Amino acid sequence: MINEVMQKHDQFPTAPVTSLADGWDNFHMQPTTDTGGSLLGRVADSSIGAGIIGAANGISAGGLREIAGDTGASVIDYAQNERPIATFIGDVAGTTGALLGGEAVAGGLAARGGALAARGGMLGRAGGAVGRLAQMAGRGNGVMLDTAYGAGRGAIEADPGQGVSGALLGGLAGAGGNALGQGVANVGGRVVRGVSDPAVNYLAQQGIRLTPGQILGRSTNPIARGLGRVENALESVPLVGNQIRGMREQSLGDFASTAVDQAVAPVGGGVPAGLPGAARVNAGNQVVADAFDRALGPVNMTPDQPFIDSMRQAGTLGRGARTYGQDFTDILADEVAPIAGGGDTITGRQFQDLSRTLGGYGRRYNEMAVGTPTTPPAPAARPVGQAFDQMRGATDSLLQRINPDAFAQYEAARQAYRQMQIVREATDAARNGTGSGQTDVFTPAQLTTAAARNARRFGGTHGTTDQPFYELTRAGQDVLPSTVPNSGTADRALATMAIPAALGGGGYMMGFDPETAVMIATAGLPYTAGGRHLMQAGLIGGARRRRLGDALVRNQEFAGRLGAGLALPAFFPSGQ
């Protein structure tokens, strides 16, 4: 112990003996009479104390050595030599705190200067000048303040006669550390956040599987966008191209499945997962039919006076229409009256048939009144259309008065029915199209067209957020293919088997040279099921990742301070 203490005393001759070893006092050796040095020495005897010394050095921009004198400087040297990590951490904390304090002071001066400038006069001009200087110092997320701090610290801690070069090095360290910290926060935040394109994120949230090219193709980053375009070039690569087309076709299949799920969402969903094409549409139709049965099965209504009065008024309006009045009378006698059957009550099934029949004729005559692309307008048909609409409204109002819960379920089923009708029209358009290897898979454009036609038919607005599937179709048109790729089932299976085989050398056996086999295997990995899953999970951040990434990007200014706070102690360690 004595030998160790003596060696340290030789290394730090001006340090108080209490800073060299706790055991020194056991030999009754008296500490130095320098009170300040003795106190500093006792502080330096622990990691926490060494950290405090480093923090004090950072807060004072390296001036602690000057303040503490020769004895204190020796203690600082000792603390740095014996506990470098604790001293460095404390120095980083103190430096960062000093930089943040400088920012707060600059902000306060800028605000105070602006307030004084508003008063005018000599004091106002002086305050305005100070405020403008403070604003300039705070620009660039504080890079100028960090540069100034670094220059001052470099000049203070430089060797004698090296103040200018020390100031230059310190200024560069402050500015560079700030810029690096901001850059790391910005780039790191974007990487953590993942692809931020709203359309890509929306489709991913809906469970639609995307290819790397679809994920990166709309990125604002030119490098990422370029990587996305590589996918198009890879379509010409043997085997891999078939795999890419197969994955894009799966994306459209997921899109169609999502449309069915959204269509039946008003009635609680319930379409089994994994059903392809027409089977999924048929399952959606069955879900809607079951929803109507649940809503109207127990219904048994007795017409009340408001219903009777409204039906009479509508009958008078329809029968009085010129040209089409007799048509209205015949339809009531031949199609509407038999539904009710002359009974005193209306069952749920009768109600549904009445509502569907009256609504259908109302749309028919209203369309006749405004004309179609192939027929001229027939204004005389409008009263008939209005009469049928009034009867439909009276029927619905009767159910709403007598059984509000059944009416709410019925309205949800009607919404789901209309939306499934859109899906059916889009599916029919896909079947009638050409160049599709899977005719039950429709494109976003086909769904958009069917939704717009449906909105016009039912008196809604099209091309707005009120249009069914608006967000889904808009995101799909931005990201997904405009046509259904035809990869071919056999080609897809061959590509799926060949990519793993190429990794094991099977590509060579298929006639490719080893380099080409490895290239095909490597390029195709993101387009295997597992590879695409990993790629999509890595490129698209979830809610937590987006929050963390946004927080990093928002706090670039603090990251710049931390970067400078790390850089300056690294260039000017406490105690050197």
# chains A, B, ... in the order shown; residues from 1 in each chain; ligands from 1
call {"tool": "select_by_dssp", "arguments": {"residues": "range 260-365 of chain A", "states": "alpha helix (DSSP H)", "output": "PyMOL selection string"}}
result
chain A and resi 260-263+277-296+305-319+325-331+337-340+348-365
call {"tool": "select_by_dssp", "arguments": {"residues": "range 279-382 of chain A", "states": "strand (DSSP E)", "output": "number ranges by chain"}}
result
A: 300-301, 346-347
call {"tool": "write_last_selection", "arguments": {"atoms": "N, CA, C and O atoms", "output": "CSV table (one decimal), in the first residue's frame"}}
result
chain,number,residue,atom,x,y,z
A,300,ASN,N,-92.4,-8.2,-36.9
A,300,ASN,CA,-93.8,-8.4,-37.3
A,300,ASN,C,-94.5,-7.1,-37.0
A,300,ASN,O,-94.8,-6.8,-35.8
A,301,MET,N,-94.8,-6.3,-38.0
A,301,MET,CA,-95.3,-4.9,-37.8
A,301,MET,C,-96.8,-4.7,-38.2
A,301,MET,O,-97.2,-5.3,-39.2
A,346,ILE,N,-97.1,-6.8,-41.3
A,346,ILE,CA,-96.0,-6.9,-42.3
A,346,ILE,C,-94.8,-7.6,-41.6
A,346,ILE,O,-94.3,-7.2,-40.6
A,347,THR,N,-94.5,-8.8,-42.1
A,347,THR,CA,-93.3,-9.5,-41.5
A,347,THR,C,-92.0,-8.9,-42.0
A,347,THR,O,-92.0,-8.1,-42.9
call {"tool": "residues_around", "arguments": {"residues": "Ala564 in chain A", "least_positions_apart": "2", "cutoff": "9 Å", "atoms": "only C-alpha atoms", "output": "ChimeraX atom specification"}}
result
/A:92,95-96,99,143,146-147,150,173-181,559-562,566-569
call {"tool": "write_last_selection", "arguments": {"atoms": "N, CA, C and O atoms", "output": "compact mmCIF listing (two decimals), in the first residue's frame"}}
result
# COMPACT_ATOMS: atom_id res chain seq x y z
N VAL A 92 -19.09 15.14 -20.27
CA VAL A 92 -20.14 15.18 -21.30
C VAL A 92 -21.41 15.82 -20.74
O VAL A 92 -22.04 16.68 -21.38
N THR A 95 -20.73 19.57 -20.16
CA THR A 95 -20.63 20.30 -21.43
C THR A 95 -22.00 20.45 -22.08
O THR A 95 -22.37 21.53 -22.54
N THR A 96 -22.75 19.36 -22.10
CA THR A 96 -24.10 19.42 -22.69
C THR A 96 -24.98 20.39 -21.92
O THR A 96 -25.74 21.17 -22.51
N LEU A 99 -24.05 23.91 -22.85
CA LEU A 99 -24.55 24.27 -24.18
C LEU A 99 -26.05 24.54 -24.14
O LEU A 99 -26.54 25.49 -24.77
N VAL A 143 -25.78 25.65 -33.67
CA VAL A 143 -24.43 25.29 -34.10
C VAL A 143 -23.44 26.42 -33.85
O VAL A 143 -22.26 26.18 -33.53
N ASP A 146 -22.48 26.37 -30.17
CA ASP A 146 -21.58 25.27 -29.88
C ASP A 146 -20.18 25.55 -30.43
O ASP A 146 -19.17 25.16 -29.83
N THR A 147 -20.13 26.22 -31.57
CA THR A 147 -18.83 26.59 -32.13
C THR A 147 -18.12 27.57 -31.22
O THR A 147 -16.90 27.45 -30.96
N GLY A 150 -16.92 25.76 -28.11
CA GLY A 150 -15.77 24.93 -28.43
C GLY A 150 -14.51 25.74 -28.64
O GLY A 150 -13.42 25.35 -28.20
N ALA A 173 -14.62 21.19 -33.46
CA ALA A 173 -15.21 20.08 -32.71
C ALA A 173 -16.64 20.40 -32.29
O ALA A 173 -17.53 19.54 -32.37
N GLY A 174 -16.88 21.63 -31.84
CA GLY A 174 -18.23 22.01 -31.45
C GLY A 174 -19.20 21.98 -32.62
O GLY A 174 -20.30 21.44 -32.53
N ALA A 175 -18.76 22.59 -33.75
CA ALA A 175 -19.64 22.63 -34.92
C ALA A 175 -19.84 21.24 -35.50
O ALA A 175 -20.96 20.84 -35.84
N GLY A 176 -18.74 20.47 -35.60
CA GLY A 176 -18.85 19.13 -36.17
C GLY A 176 -19.68 18.21 -35.30
O GLY A 176 -20.48 17.42 -35.81
N GLY A 177 -19.48 18.28 -33.98
CA GLY A 177 -20.27 17.44 -33.09
C GLY A 177 -21.75 17.77 -33.17
O GLY A 177 -22.60 16.88 -33.18
N ASN A 178 -22.09 19.06 -33.26
CA ASN A 178 -23.48 19.48 -33.39
C ASN A 178 -24.08 18.93 -34.68
O ASN A 178 -25.17 18.34 -34.68
N ALA A 179 -23.37 19.13 -35.80
CA ALA A 179 -23.88 18.67 -37.08
C ALA A 179 -24.02 17.15 -37.11
O ALA A 179 -25.02 16.61 -37.62
N LEU A 180 -23.04 16.46 -36.53
CA LEU A 180 -23.12 15.00 -36.51
C LEU A 180 -24.28 14.52 -35.65
O LEU A 180 -25.01 13.59 -36.03
N GLY A 181 -24.48 15.14 -34.51
CA GLY A 181 -25.59 14.76 -33.64
C GLY A 181 -26.93 14.96 -34.32
O GLY A 181 -27.81 14.09 -34.27
N ALA A 559 -30.17 16.68 -29.95
CA ALA A 559 -29.16 15.72 -30.42
C ALA A 559 -27.89 16.46 -30.85
O ALA A 559 -26.78 15.96 -30.65
N GLY A 560 -28.06 17.66 -31.46
CA GLY A 560 -26.88 18.45 -31.82
C GLY A 560 -26.10 18.87 -30.59
O GLY A 560 -24.85 18.82 -30.57
N ARG A 561 -26.81 19.27 -29.54
CA ARG A 561 -26.14 19.62 -28.29
C ARG A 561 -25.39 18.41 -27.72
O ARG A 561 -24.25 18.52 -27.26
N LEU A 562 -26.04 17.27 -27.73
CA LEU A 562 -25.40 16.07 -27.19
C LEU A 562 -24.19 15.68 -28.04
O LEU A 562 -23.16 15.24 -27.50
N LEU A 566 -20.44 15.45 -26.62
CA LEU A 566 -19.58 14.26 -26.69
C LEU A 566 -18.26 14.56 -27.39
O LEU A 566 -17.21 14.05 -27.00
N ALA A 567 -18.33 15.41 -28.43
CA ALA A 567 -17.14 15.66 -29.23
C ALA A 567 -16.10 16.47 -28.46
O ALA A 567 -14.90 16.16 -28.51
N LEU A 568 -16.52 17.50 -27.74
CA LEU A 568 -15.55 18.38 -27.09
C LEU A 568 -14.78 17.68 -25.97
O LEU A 568 -13.55 17.81 -25.91
N PRO A 569 -15.42 16.92 -25.07
CA PRO A 569 -14.61 16.19 -24.08
C PRO A 569 -13.68 15.17 -24.72
O PRO A 569 -12.64 14.83 -24.16
call {"tool": "residues_around", "arguments": {"residues": "Asn57 in chain A", "least_positions_apart": "4", "cutoff": "10 Å", "atoms": "only C-alpha atoms", "output": "short mmCIF file (atom, residue, chain, number, x, y, z; two decimals) with C-alpha atoms, in the first residue's frame"}}
result
data_model
loop_
_atom_site.label_atom_id
_atom_site.label_comp_id
_atom_site.auth_asym_id
_atom_site.auth_seq_id
_atom_site.Cartn_x
_atom_site.Cartn_y
_atom_site.Cartn_z
CA GLY A 51 -17.73 12.57 -12.50
CA ILE A 52 -18.51 15.76 -10.60
CA ILE A 53 -15.02 17.09 -11.39
CA ALA A 61 -15.55 25.35 -20.53
CA GLY A 62 -12.31 23.84 -19.31
CA GLY A 63 -11.65 26.63 -16.83
CA LEU A 64 -11.71 24.43 -13.74
CA ARG A 65 -7.96 23.90 -13.90
CA ILE A 67 -9.81 28.12 -10.98
CA ILE A 76 -7.97 16.84 -11.96
CA THR A 87 -14.62 11.85 -15.58
CA GLY A 90 -19.32 13.89 -16.09
CA ASP A 91 -17.59 16.12 -18.62
CA VAL A 92 -20.14 15.18 -21.30
CA GLY A 94 -21.47 19.28 -17.87
CA THR A 95 -20.63 20.30 -21.43
CA ARG A 153 -12.71 25.77 -24.43
CA PRO A 569 -14.61 16.19 -24.08
CA PRO A 573 -10.39 15.41 -21.94
CA SER A 574 -10.58 16.73 -18.39
CA GLY A 575 -7.14 16.74 -16.87
#
call {"tool": "closest_residue", "arguments": {"among": "A:Ala475, A:Asn366, A:Val384, A:Arg414", "to": "Leu332 in chain A", "atoms": "only C-alpha atoms"}}
result
A:Val384
call {"tool": "residues_around", "arguments": {"residues": "range 246-252 of chain A", "least_positions_apart": "2", "cutoff": "7 Å", "atoms": "only C-alpha atoms", "output": "list in words"}}
result
Ile208, Arg209, Leu210, Thr211, Asn242, Gln243, Ile244, Asp254, Phe255, Ala256, Val441, Thr443, Val484, Pro485, Ser487, Arg492 and Tyr527 of chain A
call {"tool": "residues_around", "arguments": {"residues": "Leu354 in chain A", "least_positions_apart": "6", "cutoff": "8 Å", "atoms": "only C-alpha atoms", "output": "PDB file with N, CA, C and O atoms, in the first residue's frame"}}
result
ATOM      1  N   VAL A 336     -96.389  -4.703 -55.949  1.00  0.00           N
ATOM      2  CA  VAL A 336     -96.311  -4.240 -54.569  1.00  0.00           C
ATOM      3  C   VAL A 336     -97.396  -4.888 -53.705  1.00  0.00           C
ATOM      4  O   VAL A 336     -97.107  -5.421 -52.617  1.00  0.00           O
ATOM      5  N   ILE A 339     -96.969  -8.523 -52.363  1.00  0.00           N
ATOM      6  CA  ILE A 339     -95.952  -8.747 -51.323  1.00  0.00           C
ATOM      7  C   ILE A 339     -96.605  -8.749 -49.944  1.00  0.00           C
ATOM      8  O   ILE A 339     -96.340  -9.626 -49.102  1.00  0.00           O
ATOM      9  N   ALA A 340     -97.467  -7.751 -49.708  1.00  0.00           N
ATOM     10  CA  ALA A 340     -98.132  -7.670 -48.406  1.00  0.00           C
ATOM     11  C   ALA A 340     -99.189  -8.757 -48.252  1.00  0.00           C
ATOM     12  O   ALA A 340     -99.499  -9.185 -47.130  1.00  0.00           O
ATOM     13  N   ARG A 392     -91.162   4.050 -50.152  1.00  0.00           N
ATOM     14  CA  ARG A 392     -90.006   3.388 -49.532  1.00  0.00           C
ATOM     15  C   ARG A 392     -89.684   4.060 -48.194  1.00  0.00           C
ATOM     16  O   ARG A 392     -89.422   3.391 -47.198  1.00  0.00           O
ATOM     17  N   THR A 395     -92.194   3.043 -45.531  1.00  0.00           N
ATOM     18  CA  THR A 395     -91.960   1.680 -45.059  1.00  0.00           C
ATOM     19  C   THR A 395     -90.806   1.645 -44.052  1.00  0.00           C
ATOM     20  O   THR A 395     -90.893   1.001 -42.994  1.00  0.00           O
TER      21      THR A 395
END
call {"tool": "residues_around", "arguments": {"residues": "Asn232 in chain A", "least_positions_apart": "4", "cutoff": "10 Å", "atoms": "only C-alpha atoms", "output": "MDAnalysis selection string"}}
result
chainID A and resid 213 227:228 236:237 241 244:245
call {"tool": "closest_residue", "arguments": {"among": "A:Asn282, A:Thr323, A:Arg456, A:Phe307", "to": "Arg401 in chain A", "atoms": "only C-alpha atoms"}}
result
A:Phe307
call {"tool": "closest_residue", "arguments": {"among": "A:Val230, A:Ala380, A:Ile402, A:Ala291", "to": "Asp304 in chain A", "atoms": "only C-alpha atoms"}}
result
A:Ile402
